[in-house]
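Below is data_22.csv, which holds CSV, C-alpha atoms.
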```csv
chain,number,residue,atom,x,y,z
U,91,MET,CA,26.3,156.5,123.3
U,92,LYS,CA,25.7,160.0,121.9
U,93,THR,CA,28.8,162.0,121.0
U,94,GLN,CA,28.8,165.5,122.5
U,95,ASN,CA,31.9,166.7,120.7
U,96,THR,CA,34.6,165.3,118.5
U,97,VAL,CA,37.9,166.2,116.8
U,98,LYS,CA,39.8,164.4,114.1
U,99,LEU,CA,43.5,165.2,113.5
U,100,VAL,CA,45.7,163.8,110.8
U,101,PHE,CA,49.4,164.5,111.0
U,102,PRO,CA,52.7,163.1,109.5
U,103,ALA,CA,54.4,160.4,111.5
U,104,ILE,CA,57.3,162.6,112.8
U,105,SER,CA,58.3,162.6,116.4
U,106,GLU,CA,57.7,166.4,116.9
U,107,ASN,CA,54.0,165.5,116.5
U,108,GLU,CA,54.0,163.4,119.7
U,109,ARG,CA,53.8,166.7,121.5
U,110,THR,CA,51.2,168.1,119.1
U,111,ALA,CA,48.9,165.1,119.7
U,112,ARG,CA,49.1,165.6,123.5
U,113,ALA,CA,48.4,169.4,123.1
U,114,VAL,CA,45.3,168.8,121.0
U,115,VAL,CA,44.0,166.2,123.4
U,116,SER,CA,44.6,168.5,126.4
U,117,ALA,CA,42.8,171.4,124.7
U,118,PHE,CA,39.9,169.2,123.7
U,119,LEU,CA,39.5,167.8,127.2
U,120,THR,CA,39.3,171.2,128.9
U,121,GLN,CA,35.6,171.3,128.1
U,122,ALA,CA,35.1,168.1,130.2
U,123,ASP,CA,37.0,169.6,133.2
U,124,PRO,CA,39.0,166.5,134.0
U,125,THR,CA,41.1,166.2,137.2
U,126,VAL,CA,44.8,166.8,137.0
U,127,GLU,CA,45.3,163.0,137.3
U,128,GLU,CA,42.7,162.1,134.6
U,129,LEU,CA,44.3,164.6,132.2
U,130,ALA,CA,47.8,163.2,132.9
U,131,ASP,CA,46.6,159.6,132.4
U,132,ILE,CA,45.0,160.4,129.1
U,133,ARG,CA,47.9,162.5,127.8
U,134,THR,CA,50.3,159.7,128.7
U,135,ALA,CA,48.2,157.0,127.0
U,136,VAL,CA,47.9,159.1,123.9
U,137,SER,CA,51.6,159.8,123.8
U,138,GLU,CA,52.3,156.1,124.0
U,139,ALA,CA,49.9,155.2,121.2
U,140,VAL,CA,51.2,158.0,118.9
U,141,THR,CA,54.8,157.1,119.6
U,142,ASN,CA,54.1,153.5,118.8
U,143,ALA,CA,52.6,154.5,115.5
U,144,ILE,CA,55.6,156.7,114.6
U,145,VAL,CA,58.4,154.4,115.9
U,146,HIS,CA,56.9,151.0,115.1
U,147,GLY,CA,54.1,151.6,112.6
U,148,TYR,CA,56.2,153.6,110.1
U,149,ARG,CA,59.7,152.8,111.3
U,150,GLY,CA,61.2,155.9,109.8
U,151,SER,CA,59.2,155.7,106.6
U,152,SER,CA,56.6,158.4,105.9
U,153,GLY,CA,52.9,158.2,106.5
U,154,ASP,CA,50.0,159.7,108.4
U,155,VAL,CA,48.8,159.1,111.9
U,156,GLU,CA,45.1,159.7,112.6
U,157,LEU,CA,43.8,160.7,116.0
U,158,HIS,CA,40.1,160.7,116.7
U,159,ILE,CA,38.8,161.9,120.0
U,160,LYS,CA,35.2,162.0,121.2
U,161,LEU,CA,33.5,163.2,124.3
U,162,LEU,CA,30.5,160.9,124.9
U,163,GLU,CA,27.4,161.8,126.8
U,164,ASN,CA,28.3,159.8,129.9
U,165,ARG,CA,31.6,161.7,130.4
U,166,GLU,CA,33.4,158.9,128.6
U,167,ILE,CA,36.5,159.8,126.5
U,168,TYR,CA,36.9,157.7,123.3
U,169,LEU,CA,40.3,157.8,121.6
U,170,ARG,CA,41.3,156.1,118.4
U,171,ILE,CA,44.9,156.3,117.1
U,172,LYS,CA,45.3,154.7,113.7
U,173,ASP,CA,48.3,154.3,111.4
U,174,HIS,CA,48.7,152.7,107.9
U,175,GLY,CA,52.1,151.3,108.7
U,176,CYS,CA,53.6,147.9,108.8
U,177,GLY,CA,51.2,146.4,111.4
U,178,ILE,CA,51.9,144.0,114.3
U,179,PRO,CA,52.2,140.3,113.4
U,180,ASP,CA,51.5,139.2,117.0
U,181,VAL,CA,49.5,141.7,119.0
U,182,GLU,CA,49.4,139.6,122.1
U,183,LEU,CA,53.2,139.3,122.2
U,184,ALA,CA,53.6,143.0,121.4
U,185,MET,CA,51.4,143.8,124.4
U,186,GLN,CA,53.6,141.9,126.8
U,187,PRO,CA,55.3,144.3,129.3
U,188,LEU,CA,59.0,144.9,128.4
U,189,TYR,CA,58.6,143.4,124.9
U,190,THR,CA,60.1,145.7,122.4
U,191,THR,CA,61.3,145.5,118.8
U,192,ALA,CA,63.2,148.8,119.1
U,193,PRO,CA,65.8,148.5,121.9
U,194,GLU,CA,68.2,150.7,119.9
U,195,GLU,CA,65.7,153.5,120.3
U,196,GLU,CA,65.7,152.8,124.0
U,197,ARG,CA,62.0,151.8,123.9
U,198,ALA,CA,61.2,150.3,127.3
U,199,GLY,CA,58.5,148.0,125.9
U,200,LEU,CA,55.9,149.5,128.3
U,201,GLY,CA,53.7,151.5,125.9
U,202,PHE,CA,50.7,149.1,125.9
U,203,ALA,CA,51.1,148.5,129.7
U,204,VAL,CA,50.8,152.2,130.3
U,205,MET,CA,47.8,152.5,128.0
U,206,GLU,CA,46.1,149.5,129.7
U,207,SER,CA,46.8,150.8,133.2
U,208,PHE,CA,45.9,154.5,132.7
U,209,MET,CA,42.8,154.0,130.6
U,210,ASP,CA,39.6,151.9,131.3
U,211,LYS,CA,39.6,150.0,128.1
U,212,LEU,CA,42.1,149.2,125.4
U,213,VAL,CA,41.6,147.4,122.1
U,214,VAL,CA,44.4,146.9,119.6
U,215,LYS,CA,43.6,145.8,116.1
U,216,SER,CA,46.4,145.2,113.6
U,217,ARG,CA,47.0,143.6,110.2
U,218,PRO,CA,50.5,143.2,108.9
U,219,GLY,CA,51.1,145.4,105.9
U,220,TYR,CA,48.0,147.5,106.5
U,221,GLY,CA,48.5,149.2,109.9
U,222,THR,CA,47.3,149.3,113.5
U,223,THR,CA,44.4,150.8,115.2
U,224,VAL,CA,44.3,151.5,119.0
U,225,VAL,CA,41.0,152.3,120.7
U,226,MET,CA,41.0,153.5,124.3
U,227,ARG,CA,38.2,154.6,126.6
U,228,LYS,CA,38.2,156.3,129.9
U,229,LYS,CA,35.2,157.5,132.0
U,230,LEU,CA,35.8,160.7,133.8
U,231,GLY,CA,34.6,161.2,137.3
U,232,SER,CA,31.7,163.4,138.0
U,233,PRO,CA,32.8,167.0,138.6
U,234,THR,CA,30.2,167.6,141.3
U,235,CYS,CA,31.5,164.6,143.4
U,236,ARG,CA,35.0,165.9,143.2
U,237,GLU,CA,34.1,169.2,144.8
U,238,LYS,CA,32.9,167.5,148.0
C,211,MET,CA,62.6,170.1,127.2
C,212,ALA,CA,66.0,171.0,128.6
C,213,VAL,CA,68.7,169.4,130.6
C,214,GLU,CA,71.2,171.2,132.8
C,215,LEU,CA,74.2,169.3,133.8
C,216,LEU,CA,76.0,170.0,137.1
C,217,THR,CA,79.1,168.2,138.4
C,218,LYS,CA,79.8,167.9,142.1
C,219,GLU,CA,82.9,165.8,142.9
C,220,GLN,CA,82.1,162.3,141.5
C,221,THR,CA,78.4,163.1,141.1
C,222,LEU,CA,76.8,164.2,137.9
C,223,ILE,CA,73.4,165.9,138.4
C,224,ALA,CA,71.1,166.1,135.3
C,225,VAL,CA,68.3,168.6,136.0
C,226,LEU,CA,65.5,167.9,133.6
C,227,THR,CA,62.8,170.3,132.8
C,228,GLY,CA,59.7,170.3,130.6
C,229,GLU,CA,58.2,167.3,128.8
C,230,ILE,CA,60.0,163.9,128.3
C,231,ASP,CA,58.8,161.9,125.3
C,232,HIS,CA,60.3,159.8,122.6
C,233,HIS,CA,61.2,163.0,120.6
C,234,SER,CA,62.9,164.9,123.5
C,235,ALA,CA,64.6,161.9,125.1
C,236,ARG,CA,67.0,161.6,122.1
C,237,SER,CA,68.7,164.9,122.7
C,238,ILE,CA,68.7,164.5,126.5
C,239,ARG,CA,70.4,161.1,126.3
C,240,THR,CA,73.1,162.5,124.0
C,241,GLU,CA,73.9,165.4,126.3
C,242,ILE,CA,74.0,163.2,129.4
C,243,ASP,CA,76.0,160.4,127.8
C,244,ASP,CA,78.6,162.9,126.4
C,245,THR,CA,79.1,164.3,129.9
C,246,ILE,CA,79.3,160.9,131.5
C,247,GLU,CA,82.1,160.1,129.1
C,248,THR,CA,84.0,163.3,130.0
C,249,VAL,CA,83.3,163.4,133.7
C,250,GLN,CA,83.2,159.6,134.5
C,251,PRO,CA,81.0,160.0,137.6
C,252,THR,CA,80.3,157.3,140.1
C,253,THR,CA,76.7,158.6,140.7
C,254,LEU,CA,74.3,160.0,138.1
C,255,VAL,CA,71.4,161.9,139.7
C,256,LEU,CA,68.4,162.5,137.4
C,257,ASP,CA,66.4,165.3,138.9
C,258,PHE,CA,62.8,165.2,137.7
C,259,SER,CA,61.4,168.0,139.9
C,260,GLY,CA,60.9,170.3,136.9
C,261,VAL,CA,59.5,167.6,134.5
C,262,THR,CA,55.9,168.4,133.6
C,263,PHE,CA,55.2,165.3,131.5
C,264,MET,CA,56.8,161.9,131.0
C,265,ASP,CA,55.7,158.8,129.2
C,266,SER,CA,57.5,155.4,129.0
C,267,SER,CA,60.2,157.1,126.9
C,268,GLY,CA,61.5,158.4,130.2
C,269,ILE,CA,61.7,154.9,131.6
C,270,GLY,CA,63.8,154.0,128.5
C,271,LEU,CA,66.0,157.0,129.2
C,272,ILE,CA,66.6,155.9,132.8
C,273,MET,CA,67.2,152.2,131.8
C,274,GLY,CA,69.7,153.3,129.2
C,275,ARG,CA,71.7,155.5,131.6
C,276,HIS,CA,71.6,152.7,134.2
C,277,ARG,CA,73.2,150.4,131.7
C,278,LEU,CA,75.9,152.9,131.0
C,279,MET,CA,76.6,153.7,134.6
C,280,GLU,CA,76.7,150.0,135.4
C,281,ILE,CA,79.6,149.5,132.9
C,282,VAL,CA,81.7,152.1,134.9
C,283,GLY,CA,80.5,150.6,138.2
C,284,GLY,CA,78.3,153.6,139.1
C,285,GLU,CA,74.7,154.1,140.0
C,286,VAL,CA,71.7,156.1,139.0
C,287,ILE,CA,69.5,158.0,141.5
C,288,ILE,CA,66.1,159.3,140.5
C,289,GLN,CA,65.4,162.6,142.4
C,290,ASN,CA,62.1,164.3,143.2
C,291,PRO,CA,59.7,162.9,140.5
C,292,PRO,CA,56.3,164.6,140.5
C,293,LEU,CA,53.3,162.5,141.4
C,294,HIS,CA,52.0,161.7,137.9
C,295,ILE,CA,55.6,160.7,136.9
C,296,GLN,CA,55.9,158.4,139.9
C,297,ARG,CA,52.9,156.5,138.6
C,298,VAL,CA,54.7,155.7,135.3
C,299,MET,CA,57.8,154.8,137.3
C,300,ARG,CA,55.9,152.4,139.7
C,301,LEU,CA,54.2,150.7,136.7
C,302,SER,CA,57.7,150.0,135.2
C,303,GLY,CA,59.3,148.8,138.4
C,304,ILE,CA,62.2,151.1,137.7
C,305,GLU,CA,63.0,151.3,141.4
C,306,ARG,CA,64.5,147.8,141.1
C,307,ILE,CA,67.4,149.3,139.2
C,308,ALA,CA,67.5,153.0,140.4
C,309,HIS,CA,66.9,154.4,143.8
C,310,ILE,CA,64.1,157.0,144.0
C,311,ARG,CA,64.9,159.9,146.3
C,312,THR,CA,62.0,162.2,147.0
C,313,GLU,CA,63.4,164.7,149.5
C,314,ARG,CA,63.8,168.3,148.4
C,315,SER,CA,67.5,168.6,149.2
C,316,VAL,CA,69.9,168.3,146.2
C,317,ASP,CA,72.9,167.7,148.4
C,318,ALA,CA,74.3,164.3,147.6
```

Kindly return the structure encoded in the file as structure tokens.
Amino acid sequence: MKTQNTVKLVFPAISENERTARAVVSAFLTQADPTVEELADIRTAVSEAVTNAIVHGYRGSSGDVELHIKLLENREIYLRIKDHGCGIPDVELAMQPLYTTAPEEERAGLGFAVMESFMDKLVVKSRPGYGTTVVMRKKLGSPTCREK
Amino acid sequence: MAVELLTKEQTLIAVLTGEIDHHSARSIRTEIDDTIETVQPTTLVLDFSGVTFMDSSGIGLIMGRHRLMEIVGGEVIIQNPPLHIQRVMRLSGIERIAHIRTERSVDA
């Protein structure tokens, strides 16, 4: 699928940048004219993935989070959030709703459930000691259909 | 993100505005918990009508306050969450531990 536009953003894993990532994604998506709901879904999924990288990937240590967003030809949004943190030993377990390794941070354990529910596709790849990559896709509805 | 705290008899109303994420949830929870300790309310109302964004950090915030209110025998009420925030709430099943009230009246 041909890429119409793309942005890559690298930022330090500090919690202030959860908002930065959402703002960049919102600004990028303007060109695709998403519905209010589509925009809210994507912003929420991005926020979950970036927060996971900061809270779980780096666990207070320093490092960078990479956000790659693409607008594909068929109005599909591709998002990749990558960290070089500690990785997830058991991805399947980590993706279970309500499973959390950071209850002291009041993490609800719902990050992956939100990503899965709000996006069309979610793939999580992780290697302990090397980091985690989350890829999400969502196809936006056609703007002409929406006007009817 | 800001939180305004109002006390009305035994009810503590936390009026939340702006974006709730992992970053902003920390200061919100400190402010609310400090006030719960001082006021010792029987009901904590979390008003979401002015919240423009919330991810699952908001669910963690509600769950944490529910646990705290449970210790003192009180309850948590979620008030007026906007539509996109209701979707995150539904997904989490938070209504099992906190009543969601969607009328516009703030009168408890």

Find the residues around Thr217 in chain C up to 12 Å (all atoms listed in the file counted), leave out those fewer than 5 positions away in its own chain, and share them as a compact mmCIF listing (two decimals) with C-alpha atoms, keeping the file's coordinate frame.
```
# COMPACT_ATOMS: atom_id res chain seq x y z
CA LEU C 222 76.80 164.20 137.90
CA ILE C 223 73.40 165.90 138.40
CA ALA C 224 71.10 166.10 135.30
CA VAL C 225 68.30 168.60 136.00
CA ILE C 242 74.00 163.20 129.40
CA THR C 245 79.10 164.30 129.90
CA ILE C 246 79.30 160.90 131.50
CA THR C 248 84.00 163.30 130.00
CA VAL C 249 83.30 163.40 133.70
CA GLN C 250 83.20 159.60 134.50
CA PRO C 251 81.00 160.00 137.60
CA THR C 252 80.30 157.30 140.10
CA THR C 253 76.70 158.60 140.70
CA LEU C 254 74.30 160.00 138.10
CA VAL C 255 71.40 161.90 139.70
CA ASP C 317 72.90 167.70 148.40
CA ALA C 318 74.30 164.30 147.60
```

For the interface of chain C with chain U (cut-off 6 Å, counting all atoms listed in the file), please tabulate each contacting residue of chain C alongside its nearest pair of atoms and their separation in Å to one decimal, rows sorted by chain and increasing number, as a tab-separated table.
```
residue	atom	partner	partner_atom	distance
C:His233	CA	U:Ser105	CA	5.1
C:Asp265	CA	U:Thr134	CA	5.5
C:Gly270	CA	U:Ala198	CA	4.7
```

* Straight-line distance linking CA of Pro124 in chain U with CA of Lys229 in chain U, stated in Å to one decimal ->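 Taking CA of Pro124 in chain U as the start and CA of Lys229 in chain U as the end point, the length is 10.0 Å.
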
* Identify the residues around (56.9, 155.2, 133.5) within a radius of 6 Å, measuring from only C-alpha atoms in the coordinates stated by the file, and give them as a ChimeraX atom specification. => /C:265-266,269,298-299,302

* Asked: Which value, in Å to one decimal, gives the distance between CA of Val114 in chain U and CA of His158 in chain U?
  -> 10.5 Å

Can you build me a table of range 227-313 of chain C residues sitting at most 10 Å from range 213-216 of chain C, with the closest atom pair per residue and its distance in Å to one decimal, using all atoms listed in the file, sorted by chain and residue number, as a Markdown table?
```
| residue | atom | partner | partner_atom | distance |
| --- | --- | --- | --- | --- |
| C:Thr227 | CA | C:Val213 | CA | 6.4 |
| C:Gly228 | CA | C:Val213 | CA | 9.0 |
| C:Ser237 | CA | C:Val213 | CA | 9.1 |
| C:Ile238 | CA | C:Val213 | CA | 6.4 |
| C:Arg239 | CA | C:Val213 | CA | 9.5 |
| C:Glu241 | CA | C:Val213 | CA | 7.8 |
| C:Ile242 | CA | C:Leu215 | CA | 7.5 |
| C:Thr245 | CA | C:Leu215 | CA | 8.0 |
| C:Val255 | CA | C:Leu216 | CA | 9.7 |
| C:Leu256 | CA | C:Leu215 | CA | 9.6 |
| C:Asp257 | CA | C:Val213 | CA | 9.5 |
```

* Asked: Nearest to Ile310 in chain C: which of C:Gln289, C:Val282, C:Asp243, C:His294 is it, counting only C-alpha atoms?
  ->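 Distance minimum relative to Ile310 in chain C lands on C:Gln289.
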